[in-house]
Structure formats: structure tokens, C-alpha cells
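Chemist: Input file: input-v8.pdb. Contents: PDB, N, CA and C atoms.
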ATOM      1  N   MET A  44      60.977 -73.004 -47.060
ATOM      2  CA  MET A  44      61.953 -72.212 -46.328
ATOM      3  C   MET A  44      61.314 -70.886 -45.913
ATOM      4  N   SER A  45      61.691 -70.416 -44.792
ATOM      5  CA  SER A  45      61.170 -69.188 -44.219
ATOM      6  C   SER A  45      61.759 -67.965 -44.930
ATOM      7  N   ASP A  46      60.957 -66.936 -45.053
ATOM      8  CA  ASP A  46      61.401 -65.669 -45.623
ATOM      9  C   ASP A  46      61.504 -64.673 -44.470
ATOM     10  N   THR A  47      62.686 -64.594 -43.851
ATOM     11  CA  THR A  47      62.829 -63.763 -42.660
ATOM     12  C   THR A  47      62.679 -62.274 -42.964
ATOM     13  N   ARG A  48      62.998 -61.858 -44.156
ATOM     14  CA  ARG A  48      62.810 -60.425 -44.493
ATOM     15  C   ARG A  48      61.337 -60.059 -44.509
ATOM     16  N   ARG A  49      60.522 -60.922 -45.104
ATOM     17  CA  ARG A  49      59.073 -60.667 -45.139
ATOM     18  C   ARG A  49      58.519 -60.713 -43.719
ATOM     19  N   ALA A  50      58.956 -61.700 -42.928
ATOM     20  CA  ALA A  50      58.508 -61.799 -41.538
ATOM     21  C   ALA A  50      58.952 -60.568 -40.745
ATOM     22  N   ALA A  51      60.169 -60.095 -40.974
ATOM     23  CA  ALA A  51      60.673 -58.918 -40.260
ATOM     24  C   ALA A  51      59.834 -57.688 -40.569
ATOM     25  N   THR A  52      59.461 -57.524 -41.817
ATOM     26  CA  THR A  52      58.621 -56.382 -42.192
ATOM     27  C   THR A  52      57.289 -56.454 -41.464
ATOM     28  N   PHE A  53      56.656 -57.631 -41.494
ATOM     29  CA  PHE A  53      55.364 -57.793 -40.828
ATOM     30  C   PHE A  53      55.481 -57.538 -39.330
ATOM     31  N   TRP A  54      56.415 -58.239 -38.649
ATOM     32  CA  TRP A  54      56.503 -58.130 -37.195
ATOM     33  C   TRP A  54      56.992 -56.750 -36.747
ATOM     34  N   SER A  55      57.797 -56.084 -37.557
ATOM     35  CA  SER A  55      58.211 -54.716 -37.214
ATOM     36  C   SER A  55      56.997 -53.804 -37.141
ATOM     37  N   GLU A  56      56.129 -53.913 -38.131
ATOM     38  CA  GLU A  56      54.925 -53.080 -38.150
ATOM     39  C   GLU A  56      53.916 -53.525 -37.106
ATOM     40  N   ALA A  57      53.765 -54.840 -36.919
ATOM     41  CA  ALA A  57      52.795 -55.353 -35.965
ATOM     42  C   ALA A  57      53.140 -54.988 -34.529
ATOM     43  N   LEU A  58      54.432 -55.030 -34.184
ATOM     44  CA  LEU A  58      54.858 -54.810 -32.805
ATOM     45  C   LEU A  58      55.497 -53.448 -32.557
ATOM     46  N   GLY A  59      55.724 -52.676 -33.610
ATOM     47  CA  GLY A  59      56.409 -51.402 -33.433
ATOM     48  C   GLY A  59      57.884 -51.576 -33.156
ATOM     49  N   TYR A  60      58.505 -52.590 -33.747
ATOM     50  CA  TYR A  60      59.925 -52.873 -33.584
ATOM     51  C   TYR A  60      60.688 -52.368 -34.807
ATOM     52  N   HIS A  61      61.998 -52.419 -34.716
ATOM     53  CA  HIS A  61      62.831 -52.079 -35.873
ATOM     54  C   HIS A  61      63.967 -53.105 -35.971
ATOM     55  N   SER A  62      64.553 -53.219 -37.140
ATOM     56  CA  SER A  62      65.633 -54.180 -37.357
ATOM     57  C   SER A  62      66.905 -53.723 -36.660
ATOM     58  N   ALA A  63      67.612 -54.704 -36.101
ATOM     59  CA  ALA A  63      68.918 -54.448 -35.511
ATOM     60  C   ALA A  63      69.951 -54.456 -36.639
ATOM     61  N   VAL A  64      71.218 -54.328 -36.296
ATOM     62  CA  VAL A  64      72.280 -54.404 -37.293
ATOM     63  C   VAL A  64      72.159 -55.713 -38.064
ATOM     64  N   ASN A  65      71.934 -56.816 -37.345
ATOM     65  CA  ASN A  65      71.636 -58.099 -37.975
ATOM     66  C   ASN A  65      70.132 -58.109 -38.234
ATOM     67  N   PRO A  66      69.681 -58.111 -39.493
ATOM     68  CA  PRO A  66      68.254 -57.975 -39.793
ATOM     69  C   PRO A  66      67.387 -59.143 -39.332
ATOM     70  N   ASP A  67      67.989 -60.230 -38.868
ATOM     71  CA  ASP A  67      67.200 -61.327 -38.323
ATOM     72  C   ASP A  67      66.763 -61.060 -36.888
ATOM     73  N   PHE A  68      67.223 -59.946 -36.316
ATOM     74  CA  PHE A  68      66.821 -59.562 -34.975
ATOM     75  C   PHE A  68      66.009 -58.282 -35.046
ATOM     76  N   LEU A  69      64.876 -58.293 -34.357
ATOM     77  CA  LEU A  69      64.059 -57.097 -34.231
ATOM     78  C   LEU A  69      64.148 -56.621 -32.794
ATOM     79  N   VAL A  70      64.280 -55.332 -32.623
ATOM     80  CA  VAL A  70      64.405 -54.763 -31.287
ATOM     81  C   VAL A  70      63.256 -53.787 -31.049
ATOM     82  N   PRO A  71      62.828 -53.701 -29.801
ATOM     83  CA  PRO A  71      61.699 -52.827 -29.484
ATOM     84  C   PRO A  71      62.095 -51.359 -29.537
ATOM     85  N   ASN A  72      61.108 -50.534 -29.792
ATOM     86  CA  ASN A  72      61.336 -49.097 -29.748
ATOM     87  C   ASN A  72      61.265 -48.578 -28.317
ATOM     88  N   LYS A  73      60.744 -49.399 -27.391
ATOM     89  CA  LYS A  73      60.654 -49.031 -25.976
ATOM     90  C   LYS A  73      61.591 -49.927 -25.171
ATOM     91  N   ALA A  74      62.234 -49.356 -24.189
ATOM     92  CA  ALA A  74      63.133 -50.140 -23.330
ATOM     93  C   ALA A  74      62.336 -51.157 -22.526
ATOM     94  N   GLY A  75      62.957 -52.305 -22.294
ATOM     95  CA  GLY A  75      62.358 -53.311 -21.441
ATOM     96  C   GLY A  75      61.578 -54.394 -22.165
ATOM     97  N   ALA A  76      61.266 -54.201 -23.422
ATOM     98  CA  ALA A  76      60.536 -55.225 -24.174
ATOM     99  C   ALA A  76      61.535 -56.223 -24.750
ATOM    100  N   PRO A  77      61.112 -57.465 -24.976
ATOM    101  CA  PRO A  77      62.045 -58.467 -25.484
ATOM    102  C   PRO A  77      62.378 -58.283 -26.955
ATOM    103  N   ARG A  78      63.551 -58.757 -27.338
ATOM    104  CA  ARG A  78      63.938 -58.812 -28.749
ATOM    105  C   ARG A  78      63.227 -59.982 -29.398
ATOM    106  N   LEU A  79      63.078 -59.928 -30.687
ATOM    107  CA  LEU A  79      62.485 -61.022 -31.448
ATOM    108  C   LEU A  79      63.512 -61.509 -32.456
ATOM    109  N   HIS A  80      63.811 -62.802 -32.424
ATOM    110  CA  HIS A  80      64.755 -63.396 -33.363
ATOM    111  C   HIS A  80      63.971 -64.181 -34.392
ATOM    112  N   LEU A  81      64.151 -63.863 -35.661
ATOM    113  CA  LEU A  81      63.505 -64.564 -36.761
ATOM    114  C   LEU A  81      64.517 -65.525 -37.356
ATOM    115  N   ASP A  82      64.181 -66.789 -37.363
ATOM    116  CA  ASP A  82      65.112 -67.820 -37.785
ATOM    117  C   ASP A  82      64.491 -68.622 -38.914
ATOM    118  N   GLU A  83      65.289 -69.003 -39.892
ATOM    119  CA  GLU A  83      64.772 -69.741 -41.042
ATOM    120  C   GLU A  83      64.358 -71.164 -40.700
ATOM    121  N   THR A  84      64.880 -71.744 -39.627
ATOM    122  CA  THR A  84      64.550 -73.138 -39.326
ATOM    123  C   THR A  84      63.696 -73.303 -38.076
ATOM    124  N   ASP A  85      63.842 -72.448 -37.094
ATOM    125  CA  ASP A  85      63.043 -72.558 -35.867
ATOM    126  C   ASP A  85      61.770 -71.748 -36.028
ATOM    127  N   ARG A  86      60.684 -72.290 -35.542
ATOM    128  CA  ARG A  86      59.397 -71.596 -35.593
ATOM    129  C   ARG A  86      59.047 -71.111 -34.195
ATOM    130  N   THR A  87      58.387 -69.996 -34.113
ATOM    131  CA  THR A  87      57.969 -69.422 -32.847
ATOM    132  C   THR A  87      56.484 -69.126 -32.919
ATOM    133  N   HIS A  88      55.790 -69.361 -31.825
ATOM    134  CA  HIS A  88      54.379 -69.010 -31.738
ATOM    135  C   HIS A  88      54.253 -67.887 -30.725
ATOM    136  N   LEU A  89      53.737 -66.772 -31.150
ATOM    137  CA  LEU A  89      53.555 -65.623 -30.268
ATOM    138  C   LEU A  89      52.097 -65.496 -29.868
ATOM    139  N   ASP A  90      51.856 -65.049 -28.647
ATOM    140  CA  ASP A  90      50.532 -64.659 -28.197
ATOM    141  C   ASP A  90      50.570 -63.161 -27.954
ATOM    142  N   LEU A  91      49.712 -62.444 -28.639
ATOM    143  CA  LEU A  91      49.589 -61.004 -28.448
ATOM    144  C   LEU A  91      48.357 -60.761 -27.584
ATOM    145  N   TRP A  92      48.499 -59.986 -26.529
ATOM    146  CA  TRP A  92      47.416 -59.800 -25.576
ATOM    147  C   TRP A  92      46.681 -58.495 -25.828
ATOM    148  N   ALA A  93      45.358 -58.576 -25.740
ATOM    149  CA  ALA A  93      44.500 -57.403 -25.858
ATOM    150  C   ALA A  93      43.715 -57.264 -24.547
ATOM    151  N   ALA A  94      43.414 -56.044 -24.158
ATOM    152  CA  ALA A  94      42.780 -55.787 -22.868
ATOM    153  C   ALA A  94      41.330 -56.265 -22.802
ATOM    154  N   ASP A  95      40.640 -56.226 -23.938
ATOM    155  CA  ASP A  95      39.229 -56.614 -23.956
ATOM    156  C   ASP A  95      38.828 -57.007 -25.374
ATOM    157  N   GLU A  96      37.563 -57.394 -25.553
ATOM    158  CA  GLU A  96      37.109 -57.867 -26.857
ATOM    159  C   GLU A  96      37.208 -56.783 -27.933
ATOM    160  N   HIS A  97      36.874 -55.552 -27.575
ATOM    161  CA  HIS A  97      36.960 -54.452 -28.539
ATOM    162  C   HIS A  97      38.400 -54.266 -29.032
ATOM    163  N   GLU A  98      39.338 -54.244 -28.095
ATOM    164  CA  GLU A  98      40.754 -54.097 -28.465
ATOM    165  C   GLU A  98      41.231 -55.305 -29.280
ATOM    166  N   GLN A  99      40.778 -56.489 -28.915
ATOM    167  CA  GLN A  99      41.152 -57.698 -29.647
ATOM    168  C   GLN A  99      40.691 -57.611 -31.103
ATOM    169  N   LEU A 100      39.425 -57.250 -31.309
ATOM    170  CA  LEU A 100      38.901 -57.154 -32.674
ATOM    171  C   LEU A 100      39.635 -56.090 -33.486
ATOM    172  N   ALA A 101      39.942 -54.963 -32.857
ATOM    173  CA  ALA A 101      40.675 -53.901 -33.548
ATOM    174  C   ALA A 101      42.082 -54.368 -33.907
ATOM    175  N   GLU A 102      42.732 -55.105 -32.995
ATOM    176  CA  GLU A 102      44.088 -55.592 -33.256
ATOM    177  C   GLU A 102      44.087 -56.635 -34.372
ATOM    178  N   VAL A 103      43.092 -57.517 -34.377
ATOM    179  CA  VAL A 103      42.986 -58.506 -35.451
ATOM    180  C   VAL A 103      42.843 -57.795 -36.797
ATOM    181  N   GLU A 104      41.984 -56.813 -36.870
ATOM    182  CA  GLU A 104      41.798 -56.078 -38.134
ATOM    183  C   GLU A 104      43.077 -55.364 -38.556
ATOM    184  N   ARG A 105      43.785 -54.771 -37.603
ATOM    185  CA  ARG A 105      45.042 -54.085 -37.908
ATOM    186  C   ARG A 105      46.068 -55.067 -38.463
ATOM    187  N   LEU A 106      46.171 -56.234 -37.845
ATOM    188  CA  LEU A 106      47.139 -57.238 -38.285
ATOM    189  C   LEU A 106      46.768 -57.825 -39.642
ATOM    190  N   LEU A 107      45.486 -58.003 -39.902
ATOM    191  CA  LEU A 107      45.053 -58.463 -41.226
ATOM    192  C   LEU A 107      45.440 -57.446 -42.293
ATOM    193  N   ALA A 108      45.285 -56.167 -41.977
ATOM    194  CA  ALA A 108      45.668 -55.112 -42.930
ATOM    195  C   ALA A 108      47.174 -55.100 -43.185
ATOM    196  N   LEU A 109      47.979 -55.585 -42.217
ATOM    197  CA  LEU A 109      49.432 -55.643 -42.389
ATOM    198  C   LEU A 109      49.887 -56.879 -43.162
ATOM    199  N   GLY A 110      48.968 -57.808 -43.418
ATOM    200  CA  GLY A 110      49.326 -58.991 -44.191
ATOM    201  C   GLY A 110      49.090 -60.318 -43.503
ATOM    202  N   ALA A 111      48.595 -60.306 -42.269
ATOM    203  CA  ALA A 111      48.247 -61.560 -41.601
ATOM    204  C   ALA A 111      47.033 -62.168 -42.301
ATOM    205  N   THR A 112      46.821 -63.450 -42.081
ATOM    206  CA  THR A 112      45.638 -64.125 -42.618
ATOM    207  C   THR A 112      44.952 -64.889 -41.500
ATOM    208  N   ARG A 113      43.637 -65.039 -41.642
ATOM    209  CA  ARG A 113      42.876 -65.846 -40.686
ATOM    210  C   ARG A 113      43.190 -67.312 -40.927
ATOM    211  N   VAL A 114      43.225 -68.081 -39.863
ATOM    212  CA  VAL A 114      43.500 -69.506 -39.943
ATOM    213  C   VAL A 114      42.213 -70.258 -39.625
ATOM    214  N   ASP A 115      41.899 -71.246 -40.439
ATOM    215  CA  ASP A 115      40.748 -72.097 -40.167
ATOM    216  C   ASP A 115      41.076 -72.927 -38.935
ATOM    217  N   TRP A 116      40.358 -72.680 -37.837
ATOM    218  CA  TRP A 116      40.696 -73.291 -36.560
ATOM    219  C   TRP A 116      39.433 -73.817 -35.908
ATOM    220  N   ASP A 117      39.544 -74.918 -35.215
ATOM    221  CA  ASP A 117      38.418 -75.481 -34.472
ATOM    222  C   ASP A 117      38.426 -74.864 -33.075
ATOM    223  N   TYR A 118      37.690 -73.759 -32.912
ATOM    224  CA  TYR A 118      37.679 -73.027 -31.656
ATOM    225  C   TYR A 118      36.753 -73.694 -30.640
ATOM    226  N   PRO A 119      37.178 -73.783 -29.398
ATOM    227  CA  PRO A 119      36.275 -74.280 -28.354
ATOM    228  C   PRO A 119      35.225 -73.218 -28.025
ATOM    229  N   ALA A 120      34.140 -73.627 -27.400
ATOM    230  CA  ALA A 120      33.115 -72.674 -26.980
ATOM    231  C   ALA A 120      33.740 -71.637 -26.057
ATOM    232  N   GLY A 121      33.411 -70.382 -26.277
ATOM    233  CA  GLY A 121      33.919 -69.313 -25.427
ATOM    234  C   GLY A 121      35.386 -69.008 -25.591
ATOM    235  N   ALA A 122      35.962 -69.359 -26.729
ATOM    236  CA  ALA A 122      37.395 -69.118 -26.956
ATOM    237  C   ALA A 122      37.725 -67.647 -26.752
ATOM    238  N   ASP A 123      38.848 -67.413 -26.092
ATOM    239  CA  ASP A 123      39.298 -66.047 -25.845
ATOM    240  C   ASP A 123      40.415 -65.639 -26.805
ATOM    241  N   PHE A 124      40.624 -66.415 -27.856
ATOM    242  CA  PHE A 124      41.739 -66.170 -28.767
ATOM    243  C   PHE A 124      41.275 -66.263 -30.224
ATOM    244  N   VAL A 125      42.034 -65.579 -31.081
ATOM    245  CA  VAL A 125      41.852 -65.645 -32.532
ATOM    246  C   VAL A 125      43.185 -66.084 -33.113
ATOM    247  N   VAL A 126      43.165 -67.107 -33.955
ATOM    248  CA  VAL A 126      44.392 -67.622 -34.548
ATOM    249  C   VAL A 126      44.593 -66.984 -35.915
ATOM    250  N   LEU A 127      45.772 -66.411 -36.094
ATOM    251  CA  LEU A 127      46.165 -65.803 -37.364
ATOM    252  C   LEU A 127      47.497 -66.399 -37.793
ATOM    253  N   ALA A 128      47.872 -66.139 -39.029
ATOM    254  CA  ALA A 128      49.194 -66.511 -39.528
ATOM    255  C   ALA A 128      49.865 -65.260 -40.068
ATOM    256  N   ASP A 129      51.160 -65.131 -39.796
ATOM    257  CA  ASP A 129      51.900 -64.010 -40.375
ATOM    258  C   ASP A 129      52.147 -64.309 -41.854
ATOM    259  N   PRO A 130      52.704 -63.360 -42.610
ATOM    260  CA  PRO A 130      52.900 -63.585 -44.050
ATOM    261  C   PRO A 130      53.796 -64.773 -44.386
ATOM    262  N   ASP A 131      54.553 -65.269 -43.413
ATOM    263  CA  ASP A 131      55.423 -66.419 -43.647
ATOM    264  C   ASP A 131      54.767 -67.724 -43.207
ATOM    265  N   GLY A 132      53.511 -67.649 -42.738
ATOM    266  CA  GLY A 132      52.769 -68.836 -42.335
ATOM    267  C   GLY A 132      52.913 -69.227 -40.882
ATOM    268  N   ASN A 133      53.635 -68.440 -40.084
ATOM    269  CA  ASN A 133      53.780 -68.733 -38.657
ATOM    270  C   ASN A 133      52.493 -68.367 -37.928
ATOM    271  N   LEU A 134      51.978 -69.311 -37.134
ATOM    272  CA  LEU A 134      50.751 -69.070 -36.397
ATOM    273  C   LEU A 134      51.009 -68.211 -35.169
ATOM    274  N   PHE A 135      50.025 -67.369 -34.844
ATOM    275  CA  PHE A 135      50.057 -66.606 -33.605
ATOM    276  C   PHE A 135      48.626 -66.311 -33.196
ATOM    277  N   CYS A 136      48.448 -65.946 -31.952
ATOM    278  CA  CYS A 136      47.105 -65.687 -31.430
ATOM    279  C   CYS A 136      47.003 -64.258 -30.904
ATOM    280  N   VAL A 137      45.797 -63.724 -31.017
ATOM    281  CA  VAL A 137      45.453 -62.468 -30.355
ATOM    282  C   VAL A 137      44.452 -62.850 -29.282
ATOM    283  N   ILE A 138      44.813 -62.611 -28.029
ATOM    284  CA  ILE A 138      44.044 -63.101 -26.894
ATOM    285  C   ILE A 138      43.332 -61.953 -26.186
ATOM    286  N   ASN A 139      42.051 -62.170 -25.908
ATOM    287  CA  ASN A 139      41.248 -61.244 -25.116
ATOM    288  C   ASN A 139      41.476 -61.597 -23.657
ATOM    289  N   THR A 140      42.260 -60.800 -22.940
ATOM    290  CA  THR A 140      42.634 -61.131 -21.568
ATOM    291  C   THR A 140      41.506 -60.888 -20.565
ATOM    292  N   SER A 141      40.441 -60.225 -20.987
ATOM    293  CA  SER A 141      39.324 -59.995 -20.071
ATOM    294  C   SER A 141      38.279 -61.101 -20.138
ATOM    295  N   ALA A 142      38.450 -62.048 -21.038
ATOM    296  CA  ALA A 142      37.448 -63.122 -21.191
ATOM    297  C   ALA A 142      37.548 -64.141 -20.079
TER     298      ALA A 142
END
Would you encode the structure as C-alpha cells?
Modeler:
Amino acid sequence: MSDTRRAATFWSEALGYHSAVNPDFLVPNKAGAPRLHLDETDRTHLDLWAADEHEQLAEVERLLALGATRVDWDYPAGADFVVLADPDGNLFCVINTSA
């Protein structure tokens, strides 16, 4: 079973969001960004975009420090993405958009 509180803590820090009145919803601190709904049964895969390889590596390190883990993945040659898992085991990628 999913631990939405643990996921909310991670994603709030990772994305700069905060919990809404209903703690299963995270809302952005900036207008115009989408809300994130954390659900115990539905899984979501997020792609986080970085401007270049340097930003991608820095973002991966920041997310690892917040509790993400590296995922053993069979990467294709020249992959522009890094696969991580949040503390609840949900996979997500950090993508180098300049690759």
C-alpha cells in the first residue's frame, strides 16, 4: 500500500509544492503550475525536465538527498534520462532536454 504522507513530504520538497486542505493534494507555490494528486491505488510517473546535463546531475543529487533512490535500469546508448524512485517506490525520470 502506498504511503501518501511520505510521498507528499518528498514531492513537496522536490517540486516546491505545499499540501492543500486535503493532504492528498499538493499545490504549487507559483500560479499556473499543475496540482499533484497522490493516490493510494493509482500510480503516476513524472518526468522532471532539466535544461542541460549539468542541471540534470545537480537535480538528481538534490532528489537523492531528499530521499529518492537510483533505480537499476537498462539504459539505451545516449540516454537523456535518469530513472529514480521516490520514497514510496514510484518511478520518475530526470530528463536532460538539451541532449
Chemist: Give me, please, the distance in Å between atom C of Ala94 of chain A and atom N of Ala128 of chain A, quoted to one decimal.
Modeler: 20.1 Å
Chemist: Would you mind reading off the distance between atom N of Leu106 of chain A and atom C of Asp129 of chain A, one decimal, in Å?
Modeler: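 A separation of 10.8 Å between them.
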Chemist: By how many Å are atom C of Asp95 of chain A and atom CA of Ser62 of chain A apart?
Modeler: 29.5 Å
Chemist: Neighbours of Glu98 of chain A within 10 Å (only C-alpha atoms; same-chain residues fewer than 6 positions away dropped), as a ChimeraX atom specification?
Modeler: /A:92,104,137-139
Chemist: Which residues in segment 75-139 of chain A does DSSP call strand (DSSP E)? List them as a list in words.
Modeler: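 Strand (DSSP E) assignments inside segment 75-139 of chain A correspond to Leu79, His80, Leu89, Asp90, Leu91, Trp92, Ala93, Thr112, Arg113, Phe124, Val125, Val126, Leu127, Ala128, Leu134, Phe135, Cys136, Val137, Ile138 and Asn139 of chain A.
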Chemist: Neighbouring residues of Asp46 of chain A were defined as those with any atom within 7 Å, considering all atoms listed in the file; residues of the same chain fewer than 3 positions away were excluded. Please report them as a PyMOL selection string.
Modeler: chain A and resi 49-51+83+131
Chemist: If you run DSSP on the backbone here, which positions in chain A get helix (DSSP H, G or I)? Please write them as a count of residues only.
Modeler: 26
Chemist: Restricting the calculation to only C-alpha atoms, which member of A:Tyr118, A:Phe124, A:Phe68, A:Phe135 is positioned closest to Asp82 of chain A?
Modeler: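 Using only C-alpha atoms, the shortest distance to Asp82 of chain A belongs to A:Phe68.
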Chemist: Run the PyMOL selection byres (((chain A and resi 54 and name CA) around 10) and name CA) on the file and write out the hits as a ChimeraX atom specification.
Modeler: /A:48-53,55-62,69,79,81,106,109,111,129-130
Chemist: For N, CA and C atoms, I'd like the residues from the last selection saved as a tab-separated table (two decimals), keeping the file's coordinate frame.
Modeler:
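Okay, this is what ended up in part-v8.tsv:
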chain	number	residue	atom	x	y	z
A	48	ARG	N	63.00	-61.86	-44.16
A	48	ARG	CA	62.81	-60.42	-44.49
A	48	ARG	C	61.34	-60.06	-44.51
A	49	ARG	N	60.52	-60.92	-45.10
A	49	ARG	CA	59.07	-60.67	-45.14
A	49	ARG	C	58.52	-60.71	-43.72
A	50	ALA	N	58.96	-61.70	-42.93
A	50	ALA	CA	58.51	-61.80	-41.54
A	50	ALA	C	58.95	-60.57	-40.74
A	51	ALA	N	60.17	-60.10	-40.97
A	51	ALA	CA	60.67	-58.92	-40.26
A	51	ALA	C	59.83	-57.69	-40.57
A	52	THR	N	59.46	-57.52	-41.82
A	52	THR	CA	58.62	-56.38	-42.19
A	52	THR	C	57.29	-56.45	-41.46
A	53	PHE	N	56.66	-57.63	-41.49
A	53	PHE	CA	55.36	-57.79	-40.83
A	53	PHE	C	55.48	-57.54	-39.33
A	55	SER	N	57.80	-56.08	-37.56
A	55	SER	CA	58.21	-54.72	-37.21
A	55	SER	C	57.00	-53.80	-37.14
A	56	GLU	N	56.13	-53.91	-38.13
A	56	GLU	CA	54.92	-53.08	-38.15
A	56	GLU	C	53.92	-53.52	-37.11
A	57	ALA	N	53.76	-54.84	-36.92
A	57	ALA	CA	52.80	-55.35	-35.97
A	57	ALA	C	53.14	-54.99	-34.53
A	58	LEU	N	54.43	-55.03	-34.18
A	58	LEU	CA	54.86	-54.81	-32.80
A	58	LEU	C	55.50	-53.45	-32.56
A	59	GLY	N	55.72	-52.68	-33.61
A	59	GLY	CA	56.41	-51.40	-33.43
A	59	GLY	C	57.88	-51.58	-33.16
A	60	TYR	N	58.50	-52.59	-33.75
A	60	TYR	CA	59.92	-52.87	-33.58
A	60	TYR	C	60.69	-52.37	-34.81
A	61	HIS	N	62.00	-52.42	-34.72
A	61	HIS	CA	62.83	-52.08	-35.87
A	61	HIS	C	63.97	-53.10	-35.97
A	62	SER	N	64.55	-53.22	-37.14
A	62	SER	CA	65.63	-54.18	-37.36
A	62	SER	C	66.90	-53.72	-36.66
A	69	LEU	N	64.88	-58.29	-34.36
A	69	LEU	CA	64.06	-57.10	-34.23
A	69	LEU	C	64.15	-56.62	-32.79
A	79	LEU	N	63.08	-59.93	-30.69
A	79	LEU	CA	62.48	-61.02	-31.45
A	79	LEU	C	63.51	-61.51	-32.46
A	81	LEU	N	64.15	-63.86	-35.66
A	81	LEU	CA	63.50	-64.56	-36.76
A	81	LEU	C	64.52	-65.53	-37.36
A	106	LEU	N	46.17	-56.23	-37.84
A	106	LEU	CA	47.14	-57.24	-38.28
A	106	LEU	C	46.77	-57.82	-39.64
A	109	LEU	N	47.98	-55.58	-42.22
A	109	LEU	CA	49.43	-55.64	-42.39
A	109	LEU	C	49.89	-56.88	-43.16
A	111	ALA	N	48.60	-60.31	-42.27
A	111	ALA	CA	48.25	-61.56	-41.60
A	111	ALA	C	47.03	-62.17	-42.30
A	129	ASP	N	51.16	-65.13	-39.80
A	129	ASP	CA	51.90	-64.01	-40.38
A	129	ASP	C	52.15	-64.31	-41.85
A	130	PRO	N	52.70	-63.36	-42.61
A	130	PRO	CA	52.90	-63.58	-44.05
A	130	PRO	C	53.80	-64.77	-44.39
Chemist: Reconstruct all heavy atoms of segment 61-67 of chain A; output as a CSV table (one decimal), in the frame of the given file.
Modeler:
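Output (selection.csv):
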chain,number,residue,atom,x,y,z
A,61,HIS,N,62.0,-52.4,-34.7
A,61,HIS,CA,62.8,-52.1,-35.9
A,61,HIS,C,64.0,-53.1,-36.0
A,61,HIS,O,64.3,-53.8,-35.0
A,61,HIS,CB,63.4,-50.7,-35.8
A,61,HIS,CG,64.3,-50.4,-34.6
A,61,HIS,ND1,63.8,-50.1,-33.4
A,61,HIS,CD2,65.6,-50.5,-34.5
A,61,HIS,CE1,64.8,-49.9,-32.5
A,61,HIS,NE2,65.9,-50.2,-33.2
A,62,SER,N,64.6,-53.2,-37.1
A,62,SER,CA,65.6,-54.2,-37.4
A,62,SER,C,66.9,-53.7,-36.7
A,62,SER,O,67.2,-52.5,-36.6
A,62,SER,CB,65.9,-54.3,-38.9
A,62,SER,OG,64.8,-55.0,-39.5
A,63,ALA,N,67.6,-54.7,-36.1
A,63,ALA,CA,68.9,-54.4,-35.5
A,63,ALA,C,70.0,-54.5,-36.6
A,63,ALA,O,69.6,-54.6,-37.8
A,63,ALA,CB,69.2,-55.5,-34.5
A,64,VAL,N,71.2,-54.3,-36.3
A,64,VAL,CA,72.3,-54.4,-37.3
A,64,VAL,C,72.2,-55.7,-38.1
A,64,VAL,O,72.3,-55.7,-39.3
A,64,VAL,CB,73.7,-54.3,-36.6
A,64,VAL,CG1,74.8,-54.5,-37.6
A,64,VAL,CG2,73.8,-52.9,-36.0
A,65,ASN,N,71.9,-56.8,-37.3
A,65,ASN,CA,71.6,-58.1,-38.0
A,65,ASN,C,70.1,-58.1,-38.2
A,65,ASN,O,69.3,-58.1,-37.3
A,65,ASN,CB,72.0,-59.2,-37.0
A,65,ASN,CG,71.6,-60.6,-37.6
A,65,ASN,OD1,70.8,-60.7,-38.5
A,65,ASN,ND2,72.3,-61.6,-37.1
A,66,PRO,N,69.7,-58.1,-39.5
A,66,PRO,CA,68.3,-58.0,-39.8
A,66,PRO,C,67.4,-59.1,-39.3
A,66,PRO,O,66.2,-59.0,-39.4
A,66,PRO,CB,68.2,-57.8,-41.3
A,66,PRO,CG,69.5,-58.4,-41.8
A,66,PRO,CD,70.5,-58.2,-40.7
A,67,ASP,N,68.0,-60.2,-38.9
A,67,ASP,CA,67.2,-61.3,-38.3
A,67,ASP,C,66.8,-61.1,-36.9
A,67,ASP,O,66.0,-61.9,-36.3
A,67,ASP,CB,68.0,-62.6,-38.4
A,67,ASP,CG,68.1,-63.2,-39.8
A,67,ASP,OD1,67.4,-62.7,-40.7
A,67,ASP,OD2,68.9,-64.1,-40.0
